[in-house]
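What follows is work30.cif (mmCIF, C-alpha atoms).
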```
data_model
#
loop_
_atom_site.label_atom_id
_atom_site.label_comp_id
_atom_site.auth_asym_id
_atom_site.auth_seq_id
_atom_site.Cartn_x
_atom_site.Cartn_y
_atom_site.Cartn_z
CA MET A 1 0.00 0.00 0.00
CA GLY A 2 1.41 3.35 -0.99
CA ILE A 3 1.90 6.39 1.25
CA PRO A 4 -0.71 9.12 0.61
CA LEU A 5 0.75 12.32 -0.80
CA SER A 6 0.51 15.55 1.18
CA PRO A 7 -1.92 18.09 -0.30
CA ARG A 8 0.59 20.88 0.44
CA PRO A 9 2.75 22.00 -2.52
CA ALA A 10 6.37 20.86 -2.45
CA ARG A 11 8.88 23.47 -1.29
CA VAL A 12 11.96 23.93 -3.47
CA ILE A 13 15.04 24.50 -1.34
CA ASP A 14 17.72 26.68 -2.90
CA LEU A 15 20.92 25.15 -1.53
CA GLU A 16 23.07 28.05 -2.70
CA VAL A 17 20.88 30.55 -0.86
CA MET A 18 21.11 28.41 2.28
CA ARG A 19 24.89 28.28 2.00
CA GLN A 20 25.04 32.06 1.60
CA ARG A 21 22.91 32.53 4.71
CA GLN A 22 25.12 30.18 6.69
CA ARG A 23 28.25 32.03 5.55
CA ALA A 24 26.63 35.35 6.50
CA ARG A 25 25.97 34.08 10.03
CA ARG A 26 29.65 33.13 10.31
CA ARG A 27 31.02 36.46 9.07
CA LEU A 28 33.04 38.60 11.46
CA ILE A 29 31.36 41.78 12.64
CA ARG A 30 33.83 43.05 15.27
CA LEU A 31 37.49 42.55 16.24
CA ALA A 32 39.37 43.00 19.51
CA PRO A 33 43.17 42.83 19.77
CA GLU A 34 44.71 40.21 22.06
CA LEU A 35 46.97 42.14 24.44
CA ASP A 36 47.58 39.60 27.23
CA SER A 37 49.73 37.07 25.34
CA LEU A 38 47.08 34.36 25.09
CA GLU A 39 48.02 31.68 22.58
CA MET A 40 46.55 29.25 20.11
CA VAL A 41 47.69 25.66 20.72
CA TYR A 42 48.00 23.24 17.80
CA ARG A 43 49.64 19.93 16.89
CA LEU A 44 51.23 18.42 13.80
CA ALA A 45 50.66 14.91 12.50
CA SER A 46 54.44 14.45 12.28
CA SER A 47 54.73 14.84 16.08
CA PRO A 48 51.28 14.12 17.55
CA ASP A 49 52.55 14.03 21.15
CA THR A 50 53.95 17.59 20.94
CA LEU A 51 51.85 20.74 21.34
CA TYR A 52 52.88 24.03 19.71
CA GLY A 53 51.88 27.55 20.71
CA MET A 54 51.30 30.61 18.54
CA PRO A 55 50.36 34.07 19.87
CA LEU A 56 46.81 35.16 19.12
CA LEU A 57 46.59 38.39 17.15
CA ALA A 58 42.93 39.14 17.89
CA TRP A 59 39.49 37.84 18.79
CA GLY A 60 36.54 38.11 16.43
CA LEU A 61 32.80 38.25 17.05
CA ARG A 62 30.77 36.50 14.36
CA GLU A 63 27.22 37.37 13.39
CA ASP A 64 25.98 34.14 14.99
CA GLY A 65 27.36 35.36 18.35
CA GLU A 66 30.39 33.06 18.56
CA VAL A 67 33.74 34.57 19.54
CA VAL A 68 36.80 33.01 17.90
CA GLY A 69 40.54 33.49 18.24
CA LEU A 70 42.34 34.73 15.12
CA VAL A 71 45.90 34.16 13.85
CA PRO A 72 47.65 35.13 10.60
CA TRP A 73 47.79 31.68 8.98
CA MET A 74 48.70 30.85 5.40
CA GLU A 75 46.70 33.33 3.25
CA ALA A 76 44.30 34.89 5.77
CA LEU A 77 43.62 36.05 9.28
CA THR A 78 42.08 32.73 10.21
CA PRO A 79 39.74 31.57 13.01
CA CYS A 80 41.75 29.06 15.04
CA HIS A 81 39.06 26.38 15.01
CA ARG A 82 39.31 26.20 11.21
CA LEU A 83 42.88 24.87 11.42
CA ASP A 84 42.49 21.19 10.63
CA ASP A 85 45.44 20.21 8.47
CA PRO A 86 47.68 17.34 9.62
CA ASP A 87 50.73 18.78 7.85
CA HIS A 88 50.41 22.46 8.74
CA GLY A 89 48.53 22.24 12.03
CA SER A 90 45.35 21.13 13.78
CA PHE A 91 43.75 23.34 16.43
CA VAL A 92 43.72 22.00 20.00
CA GLY A 93 42.64 24.98 22.11
CA TYR A 94 43.68 28.27 23.66
CA ARG A 95 46.31 28.69 26.37
CA ASP A 96 47.19 31.24 29.00
CA PRO A 97 51.01 30.98 29.23
CA GLU A 98 51.03 32.63 32.65
CA THR A 99 48.82 30.02 34.30
CA GLU A 100 49.38 27.28 31.66
CA GLU A 101 45.61 26.79 31.57
CA LEU A 102 44.26 25.22 28.37
CA PHE A 103 40.71 26.11 27.36
CA GLU A 104 38.45 25.56 24.34
CA ALA A 105 36.30 28.70 24.20
CA ALA A 106 37.08 32.41 24.19
CA PRO A 107 37.54 33.92 27.68
CA GLU A 108 34.50 35.71 29.10
CA HIS A 109 36.18 39.13 29.28
CA LYS A 110 36.80 39.08 25.51
CA VAL A 111 33.26 37.93 24.78
CA LEU A 112 31.86 40.81 26.85
CA GLU A 113 34.25 43.32 25.28
CA LEU A 114 33.25 42.34 21.75
CA GLU A 115 29.51 42.16 22.47
CA HIS A 116 29.47 45.62 24.05
CA ALA A 117 31.61 47.11 21.26
CA ALA A 118 29.39 45.59 18.56
CA ALA A 119 26.28 46.98 20.27
CA TYR A 120 27.85 50.44 20.52
CA PHE A 121 29.19 50.52 16.95
CA ASP A 122 25.99 49.30 15.33
CA TYR A 123 26.66 50.04 11.67
CA GLU A 124 23.85 50.26 9.16
CA ASP A 125 23.89 47.31 6.77
CA THR A 126 24.72 48.19 3.16
CA SER A 127 25.30 46.29 -0.06
CA GLU A 128 28.46 48.31 -0.75
CA THR A 129 31.77 47.14 0.69
CA THR A 130 32.61 49.48 3.55
CA LEU A 131 35.35 49.65 6.17
CA ILE A 132 34.15 48.71 9.65
CA GLN A 133 37.29 48.64 11.76
CA GLN A 134 41.08 48.91 11.70
CA LEU A 135 43.50 47.15 14.05
CA PRO A 136 47.24 47.82 14.39
CA GLU A 137 49.60 44.90 13.84
CA THR A 138 51.26 44.01 17.15
CA GLN A 139 53.30 40.87 16.42
CA GLY A 140 55.63 41.78 13.56
CA THR A 141 53.68 39.67 11.05
CA HIS A 142 55.10 39.73 7.52
CA ALA A 143 53.51 38.94 4.17
CA LEU A 144 55.17 37.14 1.29
CA CYS A 145 53.56 38.65 -1.81
CA MET A 146 53.51 36.92 -5.19
CA ASP A 147 52.40 38.58 -8.41
CA GLU A 148 51.66 37.42 -11.92
CA GLY A 149 54.34 36.13 -14.29
CA ASP A 150 58.00 35.97 -13.32
CA ALA A 151 57.89 38.82 -10.81
CA PRO A 152 60.04 38.06 -7.74
CA TRP A 153 58.60 37.53 -4.29
CA GLN A 154 58.21 40.57 -2.10
CA LEU A 155 58.54 40.23 1.66
CA LYS A 156 56.58 43.03 3.32
CA GLN A 157 55.83 43.97 6.88
CA VAL A 158 52.16 44.04 7.89
CA PHE A 159 51.18 47.35 9.51
CA GLY A 160 47.56 46.70 10.34
CA TRP A 161 44.32 44.88 9.55
CA ARG A 162 41.02 46.09 8.10
CA LEU A 163 37.63 44.51 8.77
CA TYR A 164 34.96 45.10 6.12
CA ASN A 165 31.19 44.80 6.39
CA ASP A 166 31.18 41.53 4.42
CA GLY A 167 33.32 39.93 7.16
CA SER A 168 36.55 39.88 5.17
CA VAL A 169 39.81 40.98 6.78
CA GLU A 170 42.68 42.47 4.78
CA ALA A 171 46.29 43.01 5.81
CA LEU A 172 47.68 46.52 5.32
CA LEU A 173 50.98 46.70 3.46
CA ALA A 174 53.09 49.75 2.62
CA ASP A 175 53.94 51.17 -0.79
CA GLU A 176 57.47 52.34 -0.02
CA ARG A 177 57.27 54.99 -2.76
CA LEU A 178 54.48 56.76 -0.90
CA VAL A 179 55.92 56.74 2.63
CA GLU A 180 56.09 60.32 3.90
CA SER A 181 56.72 59.80 7.60
CA THR A 182 57.69 57.06 10.04
CA PRO A 183 56.67 55.11 11.96
CA ILE A 184 53.96 53.96 9.55
CA LEU A 185 50.56 53.81 11.24
CA PRO A 186 47.14 52.49 10.17
CA GLY A 187 45.42 55.25 8.25
CA ASP A 188 48.57 56.47 6.46
CA ALA A 189 48.08 57.08 2.74
CA CYS A 190 50.94 54.74 1.81
CA LEU A 191 49.05 51.67 3.04
CA TYR A 192 47.00 49.38 0.83
CA PRO A 193 45.10 46.07 1.30
CA GLY A 194 47.40 43.21 0.31
CA HIS A 195 45.06 41.31 -1.99
CA SER A 196 44.20 44.49 -3.91
CA ARG A 197 47.64 44.34 -5.59
CA HIS A 198 49.05 40.86 -5.15
CA ARG A 199 47.84 37.56 -6.56
CA VAL A 200 48.88 35.59 -3.47
CA VAL A 201 49.72 36.78 0.05
CA TYR A 202 51.18 34.35 2.61
CA PHE A 203 51.62 35.37 6.24
CA PHE A 204 54.59 34.54 8.44
CA GLN A 205 55.63 35.27 11.98
CA ARG A 206 58.56 37.62 12.51
CA GLN A 207 61.16 34.92 13.15
CA ILE A 208 60.29 33.09 9.92
CA ALA A 209 60.37 36.36 7.98
CA ASN A 210 63.86 37.04 9.32
CA ARG A 211 65.03 33.62 8.12
CA ILE A 212 63.62 34.38 4.67
CA ARG A 213 65.46 37.72 4.64
CA ARG A 214 68.70 35.94 5.54
CA GLU A 215 67.97 33.48 2.71
CA ASP A 216 68.25 30.52 5.06
CA PRO A 217 68.43 27.53 2.65
CA THR A 218 66.19 25.22 4.70
CA THR A 219 63.53 27.90 5.14
CA LEU A 220 63.57 28.85 1.44
CA GLU A 221 63.29 25.20 0.40
CA ALA A 222 60.30 24.61 2.70
CA LEU A 223 58.76 27.84 1.49
CA ALA A 224 59.09 26.90 -2.18
CA LEU A 225 57.47 23.51 -1.54
CA MET A 226 54.59 25.15 0.28
CA VAL A 227 53.69 28.01 -2.06
CA MET A 228 54.69 26.80 -5.53
CA PRO A 229 53.11 24.08 -7.70
CA ASP A 230 55.19 20.92 -8.09
CA ASP A 231 55.98 21.62 -11.73
CA GLU A 232 56.79 25.32 -11.42
CA PRO A 233 60.20 26.56 -10.26
CA ALA A 234 60.14 29.22 -7.58
CA PRO A 235 61.55 32.66 -8.48
CA PRO A 236 64.07 34.11 -6.01
CA PRO A 237 62.82 36.49 -3.31
CA ASP A 238 63.06 40.21 -3.92
#
```

Rendering of file as structure tokens:
Amino acid sequence: MGIPLSPRPARVIDLEVMRQRQRARRRLIRLAPELDSLEMVYRLASSPDTLYGMPLLAWGLREDGEVVGLVPWMEALTPCHRLDDPDHGSFVGYRDPETEELFEAAPEHKVLELEHAAAYFDYEDTSETTLIQQLPETQGTHALCMDEGDAPWQLKQVFGWRLYNDGSVEALLADERLVESTPILPGDACLYPGHSRHRVVYFFQRQIANRIRREDPTTLEALALMVMPDDEPAPPPD
């Protein structure tokens, strides 16, 4: 015996629209710098019994209300919980190096800070891409910039971060030809969003950037393997 059909018309579900709504709920709407040396903890598949620490750059409040830690990782300022790569790193939790406490969620004081700031700076929603917030760079992060063709790599210091109303975050790099005064600060006319000029932007901590500058052979070899296709030789750094 068959199952009787419902008299209600069938609803067509637009999967792409649903995905867009889910992405919108996950977009960042407010940032807060991490100023107390809290860290992200991660592990590598090559040494599963060893935990590694990396300083958090900031915390981000998403539209769905979740607060996530953020680190410059590969090509973006990345929520820590999205790190799930056995070779490059899998997220374990957050750590307070002073107390050595390991925890999974953002600390309450950061959650409250971001919620109150987001309520105070309640920007009107618009379809145009607009700047919401700027943060200074506090960790000496550098960007390895790659352009089209045979242009050499450029290793540039990151001077700040911009949050836009679509949830994207861009690193601020300096056009040395336009520098009029130092130190360079967020808001200076010489700064530009990295991806507005460069095809690829990879982020590195200060110590790795210094090894690249010194042209450390081991570092350059690992770098070439990471950022270049297997069949394409890597051009020398600028």

Quiz prompt | A:His195 surroundings by only C-alpha atoms, 8 Å radius, close-in-sequence under 5 positions cut, as a list of chain:residue names | solution =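 Using only C-alpha atoms, the neighbours found are A:Glu170, A:Val200, A:Val201.
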
Residues of stretch 49-77 of chain A at most 8 Å from stretch 105-128 of chain A: nearest atom pair and distance in Å, only C-alpha atoms, as CSV:
```
residue,atom,partner,partner_atom,distance
A:Trp59,CA,A:Lys110,CA,7.3
A:Gly60,CA,A:Leu114,CA,7.6
A:Leu61,CA,A:Leu114,CA,6.2
A:Val67,CA,A:Ala106,CA,6.1
A:Val68,CA,A:Ala106,CA,6.3
A:Gly69,CA,A:Ala106,CA,7.0
```

Self-check item: Option closest in space to A:Tyr164, from A:Gly140, A:Gln134, A:Asp216, A:Ala224 [counting all atoms listed in the file]
Solution: A:Gln134

Exercise. Would you translate the PyMOL selection byres ((chain A and resi 176) around 12) into the concrete set of residues it matches in this file, as an MDAnalysis selection string?
Key: chainID A and resid 154 156:157 173:175 177:182 184 188:192

Quiz item: Residues at most 10 Å from A:Met40, counting only C-alpha atoms, excluding those fewer than 5 positions away in the same chain, as a list in words?
Solution: Tyr52, Gly53, Met54, Pro55, Leu56, Leu57, Gly69, Leu70, Val71, Cys80, His81, Phe91, Val92, Gly93, Tyr94, Arg95, Asp96, Leu102, Phe103 and Glu104 of chain A

Print the selection's residues with C-alpha atoms to a file, as a PDB file, keeping the file's coordinate frame.
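Dumped everything to out_22.pdb:
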```pdb
ATOM      1  CA  TYR A  52      52.880  24.030  19.710  1.00  0.00           C
ATOM      2  CA  GLY A  53      51.880  27.550  20.710  1.00  0.00           C
ATOM      3  CA  MET A  54      51.300  30.610  18.540  1.00  0.00           C
ATOM      4  CA  PRO A  55      50.360  34.070  19.870  1.00  0.00           C
ATOM      5  CA  LEU A  56      46.810  35.160  19.120  1.00  0.00           C
ATOM      6  CA  LEU A  57      46.590  38.390  17.150  1.00  0.00           C
ATOM      7  CA  GLY A  69      40.540  33.490  18.240  1.00  0.00           C
ATOM      8  CA  LEU A  70      42.340  34.730  15.120  1.00  0.00           C
ATOM      9  CA  VAL A  71      45.900  34.160  13.850  1.00  0.00           C
ATOM     10  CA  CYS A  80      41.750  29.060  15.040  1.00  0.00           C
ATOM     11  CA  HIS A  81      39.060  26.380  15.010  1.00  0.00           C
ATOM     12  CA  PHE A  91      43.750  23.340  16.430  1.00  0.00           C
ATOM     13  CA  VAL A  92      43.720  22.000  20.000  1.00  0.00           C
ATOM     14  CA  GLY A  93      42.640  24.980  22.110  1.00  0.00           C
ATOM     15  CA  TYR A  94      43.680  28.270  23.660  1.00  0.00           C
ATOM     16  CA  ARG A  95      46.310  28.690  26.370  1.00  0.00           C
ATOM     17  CA  ASP A  96      47.190  31.240  29.000  1.00  0.00           C
ATOM     18  CA  LEU A 102      44.260  25.220  28.370  1.00  0.00           C
ATOM     19  CA  PHE A 103      40.710  26.110  27.360  1.00  0.00           C
ATOM     20  CA  GLU A 104      38.450  25.560  24.340  1.00  0.00           C
TER      21      GLU A 104
END
```

Exercise. Calculate how many Å separate atom CA of A:Pro186 from atom CA of A:Pro152, rounding to one decimal.
Key: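 A separation of 26.4 Å between them.
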
Self-check item: Nearest candidate to A:Ile212 (options A:Asp85, A:Thr138, A:Thr50, A:Leu155; using all atoms listed in the file)
Solution: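 Selected residue with least distance to A:Ile212: A:Leu155.
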
Quiz item: For A:Thr141, which residue out of A:Asn210, A:Ser37, A:Gln205, A:Thr218 is the nearest one, using all atoms listed in the file?
Solution: A:Gln205

Mind completing stretch 103-114 of chain A with all heavy atoms? Output as a PDB file, in the frame of the given file, please?
```pdb
ATOM      1  N   PHE A 103      42.162  26.011  27.418  1.00  0.00           N
ATOM      2  CA  PHE A 103      40.710  26.110  27.360  1.00  0.00           C
ATOM      3  C   PHE A 103      40.254  26.118  25.906  1.00  0.00           C
ATOM      4  O   PHE A 103      41.017  26.423  24.999  1.00  0.00           O
ATOM      5  CB  PHE A 103      40.201  27.354  28.098  1.00  0.00           C
ATOM      6  CG  PHE A 103      40.948  28.621  27.769  1.00  0.00           C
ATOM      7  CD1 PHE A 103      40.465  29.520  26.826  1.00  0.00           C
ATOM      8  CD2 PHE A 103      42.142  28.932  28.421  1.00  0.00           C
ATOM      9  CE1 PHE A 103      41.136  30.682  26.525  1.00  0.00           C
ATOM     10  CE2 PHE A 103      42.830  30.105  28.128  1.00  0.00           C
ATOM     11  CZ  PHE A 103      42.327  30.988  27.169  1.00  0.00           C
ATOM     12  N   GLU A 104      38.971  25.759  25.686  1.00  0.00           N
ATOM     13  CA  GLU A 104      38.450  25.560  24.340  1.00  0.00           C
ATOM     14  C   GLU A 104      37.708  26.763  23.789  1.00  0.00           C
ATOM     15  O   GLU A 104      37.649  26.949  22.578  1.00  0.00           O
ATOM     16  CB  GLU A 104      37.519  24.338  24.318  1.00  0.00           C
ATOM     17  CG  GLU A 104      38.224  23.020  24.615  1.00  0.00           C
ATOM     18  CD  GLU A 104      37.274  21.845  24.533  1.00  0.00           C
ATOM     19  OE1 GLU A 104      36.062  22.075  24.326  1.00  0.00           O
ATOM     20  OE2 GLU A 104      37.736  20.697  24.671  1.00  0.00           O
ATOM     21  N   ALA A 105      37.113  27.575  24.653  1.00  0.00           N
ATOM     22  CA  ALA A 105      36.300  28.700  24.200  1.00  0.00           C
ATOM     23  C   ALA A 105      36.962  30.016  24.571  1.00  0.00           C
ATOM     24  O   ALA A 105      37.844  30.071  25.431  1.00  0.00           O
ATOM     25  CB  ALA A 105      34.905  28.620  24.814  1.00  0.00           C
ATOM     26  N   ALA A 106      36.530  31.084  23.918  1.00  0.00           N
ATOM     27  CA  ALA A 106      37.080  32.410  24.190  1.00  0.00           C
ATOM     28  C   ALA A 106      36.810  32.799  25.646  1.00  0.00           C
ATOM     29  O   ALA A 106      35.755  32.473  26.205  1.00  0.00           O
ATOM     30  CB  ALA A 106      36.437  33.428  23.257  1.00  0.00           C
ATOM     31  N   PRO A 107      37.756  33.508  26.286  1.00  0.00           N
ATOM     32  CA  PRO A 107      37.540  33.920  27.680  1.00  0.00           C
ATOM     33  C   PRO A 107      36.388  34.925  27.783  1.00  0.00           C
ATOM     34  O   PRO A 107      36.124  35.691  26.854  1.00  0.00           O
ATOM     35  CB  PRO A 107      38.880  34.556  28.073  1.00  0.00           C
ATOM     36  CG  PRO A 107      39.526  34.939  26.780  1.00  0.00           C
ATOM     37  CD  PRO A 107      39.059  33.936  25.773  1.00  0.00           C
ATOM     38  N   GLU A 108      35.720  34.910  28.922  1.00  0.00           N
ATOM     39  CA  GLU A 108      34.500  35.710  29.100  1.00  0.00           C
ATOM     40  C   GLU A 108      34.767  37.197  28.917  1.00  0.00           C
ATOM     41  O   GLU A 108      33.923  37.924  28.365  1.00  0.00           O
ATOM     42  CB  GLU A 108      33.890  35.434  30.474  1.00  0.00           C
ATOM     43  CG  GLU A 108      32.565  36.137  30.694  1.00  0.00           C
ATOM     44  CD  GLU A 108      31.949  35.811  32.044  1.00  0.00           C
ATOM     45  OE1 GLU A 108      32.565  35.044  32.812  1.00  0.00           O
ATOM     46  OE2 GLU A 108      30.849  36.335  32.330  1.00  0.00           O
ATOM     47  N   HIS A 109      35.935  37.683  29.361  1.00  0.00           N
ATOM     48  CA  HIS A 109      36.180  39.130  29.280  1.00  0.00           C
ATOM     49  C   HIS A 109      36.266  39.595  27.823  1.00  0.00           C
ATOM     50  O   HIS A 109      35.883  40.722  27.501  1.00  0.00           O
ATOM     51  CB  HIS A 109      37.446  39.514  30.051  1.00  0.00           C
ATOM     52  CG  HIS A 109      38.726  39.040  29.458  1.00  0.00           C
ATOM     53  ND1 HIS A 109      39.204  37.759  29.638  1.00  0.00           N
ATOM     54  CD2 HIS A 109      39.653  39.666  28.680  1.00  0.00           C
ATOM     55  CE1 HIS A 109      40.361  37.616  29.020  1.00  0.00           C
ATOM     56  NE2 HIS A 109      40.657  38.755  28.410  1.00  0.00           N
ATOM     57  N   LYS A 110      36.754  38.721  26.918  1.00  0.00           N
ATOM     58  CA  LYS A 110      36.800  39.080  25.510  1.00  0.00           C
ATOM     59  C   LYS A 110      35.418  39.011  24.862  1.00  0.00           C
ATOM     60  O   LYS A 110      35.082  39.819  23.995  1.00  0.00           O
ATOM     61  CB  LYS A 110      37.786  38.176  24.763  1.00  0.00           C
ATOM     62  CG  LYS A 110      39.239  38.572  24.929  1.00  0.00           C
ATOM     63  CD  LYS A 110      39.479  39.975  24.357  1.00  0.00           C
ATOM     64  CE  LYS A 110      40.899  40.435  24.588  1.00  0.00           C
ATOM     65  NZ  LYS A 110      41.105  41.838  24.132  1.00  0.00           N
ATOM     66  N   VAL A 111      34.633  38.034  25.281  1.00  0.00           N
ATOM     67  CA  VAL A 111      33.260  37.930  24.780  1.00  0.00           C
ATOM     68  C   VAL A 111      32.480  39.184  25.146  1.00  0.00           C
ATOM     69  O   VAL A 111      31.804  39.789  24.297  1.00  0.00           O
ATOM     70  CB  VAL A 111      32.565  36.672  25.337  1.00  0.00           C
ATOM     71  CG1 VAL A 111      31.098  36.639  24.910  1.00  0.00           C
ATOM     72  CG2 VAL A 111      33.287  35.414  24.874  1.00  0.00           C
ATOM     73  N   LEU A 112      32.580  39.611  26.403  1.00  0.00           N
ATOM     74  CA  LEU A 112      31.860  40.810  26.850  1.00  0.00           C
ATOM     75  C   LEU A 112      32.362  42.052  26.131  1.00  0.00           C
ATOM     76  O   LEU A 112      31.566  42.911  25.728  1.00  0.00           O
ATOM     77  CB  LEU A 112      32.004  40.966  28.364  1.00  0.00           C
ATOM     78  CG  LEU A 112      31.328  39.892  29.222  1.00  0.00           C
ATOM     79  CD1 LEU A 112      31.669  40.091  30.687  1.00  0.00           C
ATOM     80  CD2 LEU A 112      29.819  39.916  29.013  1.00  0.00           C
ATOM     81  N   GLU A 113      33.680  42.162  25.972  1.00  0.00           N
ATOM     82  CA  GLU A 113      34.250  43.320  25.280  1.00  0.00           C
ATOM     83  C   GLU A 113      33.707  43.433  23.856  1.00  0.00           C
ATOM     84  O   GLU A 113      33.293  44.511  23.412  1.00  0.00           O
ATOM     85  CB  GLU A 113      35.785  43.195  25.242  1.00  0.00           C
ATOM     86  CG  GLU A 113      36.475  44.298  24.458  1.00  0.00           C
ATOM     87  CD  GLU A 113      37.974  44.077  24.337  1.00  0.00           C
ATOM     88  OE1 GLU A 113      38.514  43.224  25.074  1.00  0.00           O
ATOM     89  OE2 GLU A 113      38.607  44.759  23.502  1.00  0.00           O
ATOM     90  N   LEU A 114      33.693  42.318  23.141  1.00  0.00           N
ATOM     91  CA  LEU A 114      33.250  42.340  21.750  1.00  0.00           C
ATOM     92  C   LEU A 114      31.738  42.579  21.646  1.00  0.00           C
ATOM     93  O   LEU A 114      31.284  43.321  20.758  1.00  0.00           O
ATOM     94  CB  LEU A 114      33.622  41.022  21.073  1.00  0.00           C
ATOM     95  CG  LEU A 114      35.090  40.917  20.660  1.00  0.00           C
ATOM     96  CD1 LEU A 114      35.486  39.473  20.436  1.00  0.00           C
ATOM     97  CD2 LEU A 114      35.343  41.737  19.398  1.00  0.00           C
TER      98      LEU A 114
END
```
